[in-house]
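Novice: To be precise about what I am sending: the file is called my_file.txt and holds compact mmCIF, C-alpha atoms.
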# COMPACT_ATOMS: atom_id res chain seq x y z
CA MET A 1 25.03 307.55 305.50
CA PRO A 2 24.28 307.53 301.71
CA LEU A 3 23.76 304.04 300.31
CA GLU A 4 26.61 304.41 297.79
CA LEU A 5 29.08 305.28 300.58
CA PHE A 6 27.87 302.33 302.67
CA PHE A 7 28.33 299.97 299.71
CA ALA A 8 31.81 301.43 299.08
CA LEU A 9 32.86 300.76 302.69
CA VAL A 10 31.59 297.16 302.53
CA ILE A 11 33.36 296.60 299.21
CA MET A 12 36.63 298.03 300.57
CA ILE A 13 36.50 295.79 303.65
CA VAL A 14 35.78 292.67 301.58
CA LEU A 15 38.47 293.49 299.01
CA LEU A 16 41.03 294.13 301.76
CA ILE A 17 40.23 290.75 303.34
CA GLY A 18 40.23 289.05 299.93
CA SER A 19 43.53 290.69 298.92
CA TYR A 20 45.20 289.60 302.16
CA THR A 21 44.11 285.96 301.85
CA ASP A 22 44.85 285.87 298.10
CA LEU A 23 48.39 287.16 298.61
CA LYS A 24 49.01 284.88 301.56
CA THR A 25 47.40 281.61 300.44
CA ARG A 26 46.62 282.18 296.72
CA GLU A 27 42.90 281.74 297.39
CA VAL A 28 39.88 283.58 298.77
CA PRO A 29 37.75 281.52 301.21
CA ASP A 30 34.28 280.63 299.95
CA TRP A 31 32.71 282.03 303.12
CA VAL A 32 34.04 285.50 302.20
CA ASN A 33 32.71 285.39 298.63
CA PHE A 34 29.35 283.76 299.33
CA SER A 35 28.71 286.05 302.31
CA PHE A 36 29.53 288.99 300.05
CA ILE A 37 27.08 287.90 297.34
CA ILE A 38 24.25 287.15 299.80
CA SER A 39 24.84 290.40 301.71
CA ALA A 40 24.74 292.46 298.51
CA VAL A 41 21.40 291.03 297.38
CA THR A 42 19.93 291.16 300.89
CA ILE A 43 20.95 294.78 301.56
CA ARG A 44 19.64 295.94 298.19
CA GLY A 45 16.38 294.04 298.79
CA ILE A 46 15.88 295.57 302.24
CA TRP A 47 16.67 299.04 300.90
CA SER A 48 14.18 298.62 298.04
CA VAL A 49 11.41 297.55 300.42
CA SER A 50 12.10 300.31 302.96
CA SER A 51 12.24 303.05 300.31
CA SER A 52 9.55 301.56 298.02
CA ASP A 53 12.08 301.94 295.19
CA TRP A 54 12.67 298.63 293.37
CA SER A 55 15.50 300.04 291.26
CA TYR A 56 17.98 299.14 294.02
CA ILE A 57 17.31 295.40 293.89
CA ILE A 58 16.89 295.44 290.10
CA ASP A 59 20.28 297.15 289.67
CA GLY A 60 21.79 294.57 292.03
CA ILE A 61 20.35 291.63 290.11
CA PHE A 62 21.54 293.08 286.78
CA GLY A 63 24.96 293.65 288.34
CA LEU A 64 25.05 290.07 289.62
CA VAL A 65 24.15 288.73 286.16
CA ALA A 66 26.90 290.86 284.59
CA GLY A 67 29.37 289.66 287.22
CA VAL A 68 28.43 286.02 286.63
CA ALA A 69 28.80 286.40 282.85
CA LEU A 70 32.26 287.99 283.15
CA ALA A 71 33.35 285.60 285.91
CA TYR A 72 32.45 282.48 283.94
CA THR A 73 34.09 283.87 280.80
CA MET A 74 37.38 284.60 282.56
CA PHE A 75 37.28 281.37 284.58
CA TYR A 76 36.74 279.08 281.59
CA ALA A 77 39.33 281.05 279.63
CA GLY A 78 41.79 280.05 282.36
CA GLN A 79 42.50 283.67 283.38
CA TRP A 80 40.87 283.70 286.81
CA GLY A 81 40.60 281.19 289.59
CA GLY A 82 37.35 280.28 291.32
CA GLY A 83 37.91 282.80 294.11
CA ASP A 84 38.45 285.67 291.64
CA ALA A 85 35.30 284.69 289.73
CA LYS A 86 33.12 284.55 292.85
CA MET A 87 34.52 287.87 294.07
CA MET A 88 33.51 289.47 290.75
CA MET A 89 29.95 288.13 291.18
CA GLY A 90 29.74 289.78 294.60
CA LEU A 91 31.15 293.04 293.28
CA GLY A 92 28.58 293.08 290.46
CA ALA A 93 25.73 292.56 292.90
CA MET A 94 26.99 295.10 295.42
CA ILE A 95 27.85 297.86 292.94
CA GLY A 96 24.78 297.31 290.76
CA LEU A 97 24.45 297.91 287.04
CA GLN A 98 23.13 300.93 285.22
CA LEU A 99 23.57 300.96 281.44
CA ASP A 100 25.71 304.08 281.29
CA ALA A 101 29.40 304.28 280.31
CA SER A 102 30.05 306.51 283.33
CA SER A 103 28.15 304.32 285.83
CA MET A 104 30.06 302.77 288.71
CA LEU A 105 30.01 299.13 287.59
CA VAL A 106 30.77 299.86 283.93
CA SER A 107 33.63 302.14 284.98
CA PHE A 108 34.91 299.53 287.42
CA LEU A 109 34.91 296.77 284.77
CA PHE A 110 36.83 298.96 282.31
CA ASN A 111 39.29 299.91 285.04
CA THR A 112 39.68 296.29 286.12
CA PHE A 113 41.03 295.30 282.71
CA LEU A 114 43.32 298.34 282.54
CA VAL A 115 44.61 298.13 286.12
CA GLY A 116 44.69 294.32 285.91
CA ALA A 117 46.96 294.42 282.85
CA VAL A 118 49.42 296.79 284.56
CA TYR A 119 49.24 294.79 287.79
CA ALA A 120 49.86 291.46 286.01
CA LEU A 121 52.80 292.92 284.09
CA ALA A 122 54.34 294.32 287.28
CA TRP A 123 53.84 290.99 289.06
CA GLY A 124 55.44 289.19 286.11
CA VAL A 125 58.48 291.49 286.16
CA ALA A 126 58.89 290.89 289.90
CA MET A 127 58.76 287.12 289.32
CA VAL A 128 61.36 287.39 286.55
CA ILE A 129 63.72 289.33 288.83
CA LYS A 130 63.25 286.73 291.57
CA ASN A 131 63.75 283.77 289.23
CA TRP A 132 66.07 285.34 286.63
CA LYS A 133 68.21 282.28 285.81
CA ALA A 134 65.24 279.96 285.36
CA PHE A 135 63.39 282.58 283.31
CA LYS A 136 66.39 283.25 281.06
CA THR A 137 66.81 279.53 280.39
CA GLN A 138 63.14 279.05 279.52
CA PHE A 139 62.95 282.21 277.38
CA THR A 140 66.05 281.18 275.39
CA LYS A 141 64.67 277.68 274.97
CA LEU A 142 61.28 278.98 273.85
CA VAL A 143 62.73 281.47 271.35
CA SER A 144 64.96 278.78 269.81
CA THR A 145 62.07 276.44 268.96
CA ARG A 146 61.29 276.03 265.27
CA LYS A 147 57.66 277.08 265.72
CA VAL A 148 58.52 280.37 267.44
CA GLN A 149 61.28 281.14 264.94
CA LEU A 150 58.81 280.68 262.08
CA MET A 151 56.26 282.91 263.84
CA ARG A 152 58.90 285.57 264.44
CA THR A 153 60.00 285.51 260.78
CA ILE A 154 56.40 285.92 259.57
CA LEU A 155 55.87 288.69 262.13
CA LEU A 156 58.95 290.67 261.11
CA ILE A 157 58.20 290.34 257.38
CA SER A 158 54.62 291.50 257.96
CA ALA A 159 55.82 294.40 260.10
CA ALA A 160 58.37 295.42 257.45
CA ILE A 161 55.69 295.40 254.73
CA MET A 162 53.38 297.55 256.85
CA ILE A 163 56.21 299.99 257.61
CA VAL A 164 56.92 300.34 253.87
CA LEU A 165 53.22 300.94 253.20
CA THR A 166 53.19 303.85 255.63
CA PHE A 167 55.48 305.80 253.27
CA PHE A 168 52.71 305.75 250.65
CA VAL A 169 50.17 307.27 253.04
CA LYS A 170 49.88 311.04 252.72
CA ASP A 171 47.84 311.66 255.88
CA SER A 172 50.35 312.01 258.74
CA SER A 173 47.80 311.01 261.39
CA VAL A 174 47.04 307.76 259.53
CA ARG A 175 50.78 307.15 259.12
CA ILE A 176 51.31 307.52 262.87
CA LEU A 177 48.35 305.22 263.56
CA LEU A 178 49.79 302.53 261.25
CA ALA A 179 53.21 302.82 262.85
CA ALA A 180 51.65 302.50 266.31
CA PHE A 181 49.75 299.41 265.15
CA VAL A 182 52.98 297.82 263.88
CA ALA A 183 54.71 298.54 267.19
CA LEU A 184 51.78 297.07 269.13
CA PHE A 185 51.75 294.04 266.80
CA VAL A 186 55.43 293.29 267.50
CA MET A 187 55.16 294.05 271.24
CA THR A 188 52.21 291.67 271.62
CA PHE A 189 54.26 288.80 270.19
CA TYR A 190 57.17 289.37 272.56
CA LEU A 191 54.79 289.89 275.48
CA TRP A 192 53.31 286.47 274.69
CA LEU A 193 56.82 284.95 274.77
CA PHE A 194 57.49 286.77 278.04
CA VAL A 195 54.31 285.39 279.65
CA ARG A 196 54.93 281.84 278.38
CA ALA A 197 58.48 281.87 279.76
CA ILE A 198 57.20 283.14 283.12
CA GLU A 199 54.61 280.36 283.28
CA LYS A 200 57.21 277.67 282.64
CA SER A 201 59.96 279.06 284.86
CA CYS A 202 58.18 280.81 287.73
CA MET A 203 54.64 279.47 288.05
CA LEU A 204 55.06 275.68 288.01
CA LYS A 205 55.92 273.65 291.09
CA MET A 206 55.60 270.12 292.45
CA VAL A 207 53.48 269.66 295.57
CA PRO A 208 52.34 266.58 297.53
CA PRO A 209 48.60 265.79 297.25
CA GLU A 210 47.88 266.79 300.85
CA LYS A 211 49.08 270.33 300.06
CA LEU A 212 46.53 270.76 297.26
CA THR A 213 43.46 272.93 297.75
CA GLU A 214 40.21 272.91 295.83
CA GLY A 215 40.52 274.95 292.64
CA ASP A 216 44.30 274.52 292.19
CA TRP A 217 45.29 274.44 288.51
CA ILE A 218 46.90 271.14 287.55
CA ALA A 219 49.61 271.73 284.95
CA LYS A 220 49.94 268.16 283.64
CA ASP A 221 47.55 265.21 283.35
CA VAL A 222 47.89 262.73 286.20
CA TYR A 223 47.46 259.09 285.21
CA VAL A 224 47.65 255.97 287.35
CA GLY A 225 47.83 253.08 284.96
CA LYS A 226 45.42 254.02 282.19
CA LYS A 227 43.08 255.94 284.49
CA ARG A 228 43.18 259.73 284.33
CA ILE A 229 42.78 261.28 287.77
CA THR A 230 42.99 265.00 286.98
CA GLY A 231 44.58 267.50 284.62
CA PRO A 232 44.50 270.97 283.04
CA LYS A 233 41.11 270.44 281.38
CA ASP A 234 39.43 270.25 284.79
CA LEU A 235 39.90 274.03 285.29
CA GLY A 236 40.66 273.52 288.95
CA ILE A 237 40.93 270.33 290.97
CA SER A 238 37.96 269.17 293.06
CA LYS A 239 37.90 267.92 296.66
CA GLU A 240 37.03 264.44 295.41
CA GLN A 241 40.07 264.41 293.12
CA ILE A 242 42.33 265.59 295.95
CA ALA A 243 41.03 262.79 298.19
CA GLU A 244 41.70 260.28 295.41
CA LEU A 245 45.27 261.56 294.97
CA ILE A 246 45.94 261.35 298.71
CA ARG A 247 44.65 257.77 298.71
CA LEU A 248 46.92 256.91 295.78
CA LYS A 249 49.90 258.44 297.52
CA LYS A 250 49.31 256.28 300.57
CA LYS A 251 49.46 253.32 298.20
CA ARG A 252 52.77 254.75 296.86
CA LYS A 253 51.42 255.08 293.33
CA ILE A 254 52.16 258.81 293.13
CA LYS A 255 54.38 261.26 295.02
CA GLU A 256 53.84 264.83 293.88
CA ILE A 257 51.63 266.77 291.46
CA LEU A 258 52.72 269.53 289.09
CA ILE A 259 50.54 272.60 289.59
CA LYS A 260 50.44 276.08 288.06
CA GLU A 261 50.38 278.95 290.54
CA GLY A 262 48.24 281.82 289.35
CA ILE A 263 48.73 285.51 290.04
CA PRO A 264 46.79 286.69 293.12
CA PHE A 265 44.35 288.87 291.20
CA VAL A 266 42.02 290.18 293.91
CA PRO A 267 44.45 293.02 294.83
CA SER A 268 43.96 294.35 291.29
CA PHE A 269 40.20 294.50 291.99
CA LEU A 270 40.99 296.59 295.05
CA LEU A 271 43.21 298.98 293.07
CA ALA A 272 40.64 299.23 290.26
CA PHE A 273 37.85 300.02 292.73
CA ILE A 274 39.91 302.75 294.42
CA ALA A 275 40.72 304.24 291.01
CA THR A 276 37.04 304.09 290.03
CA TRP A 277 35.89 305.76 293.24
CA ILE A 278 38.42 308.59 292.84
CA TRP A 279 38.55 309.15 289.06
CA GLY A 280 35.65 307.21 287.54
CA ASN A 281 36.12 305.52 284.16
CA LEU A 282 39.83 305.89 283.33
CA PHE A 283 39.19 305.31 279.62
CA LEU A 284 36.68 308.16 279.48
CA LEU A 285 39.04 310.31 281.56
CA VAL A 286 41.85 309.82 279.01
CA LEU A 287 39.52 310.48 276.09
Show me the file's structure as structure tokens.

Specialist:
Amino acid sequence: MPLELFFALVIMIVLLIGSYTDLKTREVPDWVNFSFIISAVTIRGIWSVSSSDWSYIIDGIFGLVAGVALAYTMFYAGQWGGGDAKMMMGLGAMIGLQLDASSMLVSFLFNTFLVGAVYALAWGVAMVIKNWKAFKTQFTKLVSTRKVQLMRTILLISAAIMIVLTFFVKDSSVRILLAAFVALFVMTFYLWLFVRAIEKSCMLKMVPPEKLTEGDWIAKDVYVGKKRITGPKDLGISKEQIAELIRLKKKRKIKEILIKEGIPFVPSFLLAFIATWIWGNLFLLVL
């Protein structure tokens, strides 16, 4: 069996397991991710030794470094949870990195952002349909705030000015490009409102401390007296903080904690990998 096909089968199995647990419990067990990372490095190392070709392990290490860099960036930006970040590290190590726009890992990363955006939008629409009344209330409330109204006014004035400027452009292709930019500019603003309303209406819930799991995103700072226990800045609650909250609940000092449920993102990795295996880099394909 070719090495690339073997790696693809391992990746598919891991992503299927990760997608199932992410959809069911909103997390991927550490044993899955850490086993994946260790297996990737080990297999590439064994293959390099047996074939006397060190490019396999070098590509794996470069891929791991790229995965770590992207994972930490997305994690600290609050876009991915810890399980998503660790899964990306394993994928980087298993796929390996070659500095070529059409290489597997580069193509996969491009496709992850493209497929991930479509996946997140579809998931958001499904959540809106499921929680329509709550979403409508939050969206109306958000749009009516003075800050958003000011932003919308500035946006529409800027868009109107840019539309007028297009009439002074003789090149039709440039005119179309400017019009597309204006449309994208306006759509981005309303997409931001859409996402914010979803977060407030569909992704926040109160849970007792014993229901918390390591890495859960706390939506609001938790104070007991003047002592801060946990909050959004922690980028995921720790086991020690959960134990402290459970202890405080037993003392009847707290009852429930407001958390933010993230989108189970590992299934988008699975879809992006399938797309990469079949079509390669979707951006290059379109171009």

Novice: Quick one: of A:Ala71, A:Leu193, A:Ala272, A:Ile154, who's nearest to A:Leu105, counting only C-alpha atoms?

Specialist: A:Ala272

Novice: Between atom CA of A:Asn111 and atom CA of A:Gly280, what is the spacing in Å?

Specialist: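 Interatomic distance, atom CA of A:Gly280 to atom CA of A:Asn111: 8.5 Å.
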
Novice: Using all atoms listed in the file, which of A:Leu64, A:Leu109, A:Ala120, A:Leu212 sits nearest A:Lys239?

Specialist: A:Leu212

Novice: Could you tell me which of A:Ala179, A:Leu258, A:Leu70, A:Leu91 comes closest to A:Pro208 if we count all atoms listed in the file?

Specialist: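 Residue with the minimum atom-to-atom distance to A:Pro208: A:Leu258.
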
Novice: Report, in Å to a single decimal, how far apart atom CA of A:Lys205 and atom CA of A:Trp132 are.

Specialist: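 Separating atom CA of A:Trp132 from atom CA of A:Lys205 is a distance of 16.1 Å.
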
Novice: Please provide as a list in words all residues within 8 Å of A:Thr230, with the sequence filter that same-chain residues fewer than 6 positions apart are discarded (counting only C-alpha atoms).

Specialist: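 Counting only the stated atoms, we get Ile218, Asp221, Val222, Tyr223, Ile237 and Gln241 of chain A.
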
Novice: Residues within 9 Å of A:Ile259, please, as a ChimeraX atom specification. Count all atoms listed in the file; anything in the same chain fewer than 4 positions from it doesn't count.

Specialist: /A:203-207,212,216-220

Novice: I need the chosen residues saved as a short mmCIF file (atom, residue, chain, number, x, y, z; two decimals), in the coordinates of the input, with C-alpha atoms.

Specialist:
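To be explicit, this is the file written out as out-v6.cif:
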data_model
loop_
_atom_site.label_atom_id
_atom_site.label_comp_id
_atom_site.auth_asym_id
_atom_site.auth_seq_id
_atom_site.Cartn_x
_atom_site.Cartn_y
_atom_site.Cartn_z
CA MET A 203 54.64 279.47 288.05
CA LEU A 204 55.06 275.68 288.01
CA LYS A 205 55.92 273.65 291.09
CA MET A 206 55.60 270.12 292.45
CA VAL A 207 53.48 269.66 295.57
CA LEU A 212 46.53 270.76 297.26
CA ASP A 216 44.30 274.52 292.19
CA TRP A 217 45.29 274.44 288.51
CA ILE A 218 46.90 271.14 287.55
CA ALA A 219 49.61 271.73 284.95
CA LYS A 220 49.94 268.16 283.64
#

Novice: For A:Lys200, which of A:Tyr20, A:Phe185, A:Phe167, A:Phe135 is the closest residue, counting only C-alpha atoms?

Specialist: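 Closest to A:Lys200, using only C-alpha atoms: A:Phe135.
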
Novice: Can you find the residues with an atom no farther than 10 Å from (57.9, 289.6, 269.7), counting only C-alpha atoms, and report them as a ChimeraX atom specification?

Specialist: /A:143,148,151-152,155-156,183-194

Novice: I'd like to know which of A:Ala40, A:Leu16, A:Lys136, A:Gly63 is closest to A:Val28, using all atoms listed in the file.

Specialist: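 Using all atoms listed in the file, the shortest distance to A:Val28 belongs to A:Leu16.
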
Novice: Rounded to one decimal place, report the atom CA of A:Phe36-atom CA of A:Thr276 distance in Å.

Specialist: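 Atom CA of A:Thr276 lies at a distance of 19.6 Å from atom CA of A:Phe36.
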